[in-house]
Amino acid sequence: MKDQIRWGMIGCGAVAQKKSGPAFYKARGSSLYAVTSADYAESLAYAEKHPVKVVYRTADELLADPNIDAVYVATPPRFHKEYAVQCAKAGKAAYIEKPLANTYSECLEIIREFEKAEVKGYTAFYRRAMDKFQKIKAILEDGIIGNVRFVNVFCQWVPEVEEYCRDTLPWRLRKEAGGGKFLDMSVHCVDILEYLIGNFQNVFTIASNQAGLYDVEDIVSACFQFDSGPQGSATWCFSGFRNEERTEIVGDKGMISFSVFDNEPFAVTVGGETKIVQVQKYDHVQQPMIQLVVDDLLGKSKCPSTLYTAAHVTKIVDQMLAVYREQNHIL
């Protein structure tokens, strides 16, 4: 049995700079051995800042390196399937950024390749490992707010400056990305609620574009039921007048109110009294999940964010965006 996992990383963009990349050499039993990206200069610059031994010009070179045990795929989602399949065929375990892929059918292709190769795959729905959501899960499992009755999600964000010109749109808002910020960001809401409460089912959704800044959706409203019984409603608006978001899980004895996207304390209300629960802070927010991935690969524990859990999230997103995608010829 190995005592260390040596990682290769495909993609050296913003998410890899602080949120995730350093965690691969700071986690116990883990090292970041090699990197590559579409921009060789960017890869070299990354290696200068971090303890990386090898910089490759191509993903093919990185995947051919026998010193690499596992690969972090940190590219835009439209490339996830391509690189994930290459990882599986190279016999490398993989930790793939969220969403696992742009569509559920692509997720199933990835799963088939990993099953065929008998290698492990994981997805970067890292909130499942964070102290904040572990505490929320424990409160739910201990029955502190009683039986969960319903969930309410409210999110609005102000458009970024670059969104007001189509020439400067970020990749996540371009039609070829397959979806907008909902696909990029709100999947975290869907995933963490599935982790805390159960899988979404009976989903009814309206997606549209109200501000006209780009072609992909900028608002999604949904009603749904969890397979465990509770119902829920949600609105994610990306052309609002201020940045705010909250999620409320309401039971028959109390409620939990929290933000999915920040790592701030959350509130628990029971019997008319509200308690603020403090949470652990992180230098690298993905490190708890990356540690679980490493421990899983070393045979020490099980990781809660798998290809299968991530694929179900994408299945739900497909259902939510199906009509809008068809009407606007996206994907």
# chains A, B, ... in the order shown; residues from 1 in each chain; ligands from 1
$ residues_around --residues "Ser301 in chain A" --least-positions-apart "6" --cutoff "12 Å" --atoms "only C-alpha atoms" --output "count of residues only"
6
$ select_by_dssp --residues "range 64-264 of chain A" --states "alpha helix (DSSP H)" --output "ChimeraX atom specification"
/A:80-89,104-117,131-141,181,187-196
$ closest_residue --among "A:Asn243, A:Thr75, A:Ser37, A:Ser208" --to "Thr58 in chain A" --atoms "only C-alpha atoms"
A:Ser37
$ closest_residue --among "A:Ala16, A:Cys189, A:Leu196, A:Val158" --to "Ile136 in chain A" --atoms "only C-alpha atoms"
A:Leu196
$ select_by_dssp --residues "range 222-316 of chain A" --states "strand (DSSP E or B)" --output "NGL selection string"
:A and (222-226 or 231-237 or 244-251 or 254-258 or 266-270 or 273-277 or 306)
$ write_last_selection --atoms "C-alpha atoms" --output "mmCIF file, in the first residue's frame"
data_model
loop_
_atom_site.group_PDB
_atom_site.id
_atom_site.type_symbol
_atom_site.label_atom_id
_atom_site.label_comp_id
_atom_site.auth_asym_id
_atom_site.auth_seq_id
_atom_site.Cartn_x
_atom_site.Cartn_y
_atom_site.Cartn_z
ATOM 1 C CA ALA A 222 -37.419 25.791 -9.158
ATOM 2 C CA CYS A 223 -39.775 23.787 -6.985
ATOM 3 C CA PHE A 224 -38.757 20.286 -5.990
ATOM 4 C CA GLN A 225 -39.129 17.401 -3.584
ATOM 5 C CA PHE A 226 -36.383 15.352 -1.958
ATOM 6 C CA GLN A 231 -40.165 19.929 -0.367
ATOM 7 C CA GLY A 232 -38.235 22.958 -1.522
ATOM 8 C CA SER A 233 -38.177 26.090 -3.619
ATOM 9 C CA ALA A 234 -35.283 28.122 -4.990
ATOM 10 C CA THR A 235 -34.479 31.183 -7.060
ATOM 11 C CA TRP A 236 -31.020 31.953 -8.393
ATOM 12 C CA CYS A 237 -30.876 35.383 -10.066
ATOM 13 C CA GLU A 244 -26.984 38.159 -1.184
ATOM 14 C CA GLU A 245 -27.867 34.546 -0.703
ATOM 15 C CA ARG A 246 -29.314 32.364 2.005
ATOM 16 C CA THR A 247 -30.615 28.864 2.434
ATOM 17 C CA GLU A 248 -33.138 27.887 5.082
ATOM 18 C CA ILE A 249 -33.822 24.330 6.169
ATOM 19 C CA VAL A 250 -37.063 24.305 8.166
ATOM 20 C CA GLY A 251 -38.137 21.488 10.454
ATOM 21 C CA GLY A 254 -36.831 24.806 14.316
ATOM 22 C CA MET A 255 -34.709 25.913 11.390
ATOM 23 C CA ILE A 256 -31.147 26.345 10.131
ATOM 24 C CA SER A 257 -30.215 29.443 8.126
ATOM 25 C CA PHE A 258 -26.911 29.611 6.271
ATOM 26 C CA PHE A 266 -24.730 29.972 10.587
ATOM 27 C CA ALA A 267 -27.884 30.280 12.681
ATOM 28 C CA VAL A 268 -29.972 27.592 14.369
ATOM 29 C CA THR A 269 -33.374 28.597 15.731
ATOM 30 C CA VAL A 270 -35.222 26.274 18.124
ATOM 31 C CA GLU A 273 -34.076 31.117 20.544
ATOM 32 C CA THR A 274 -31.393 31.569 17.883
ATOM 33 C CA LYS A 275 -27.842 30.285 18.326
ATOM 34 C CA ILE A 276 -24.967 31.336 16.084
ATOM 35 C CA VAL A 277 -22.652 28.418 15.311
ATOM 36 C CA THR A 306 -17.841 10.631 -6.010
#
$ closest_residue --among "A:Cys87, A:Ile68, A:Ala93, A:Val317" --to "Leu183 in chain A" --atoms "only C-alpha atoms"
A:Val317
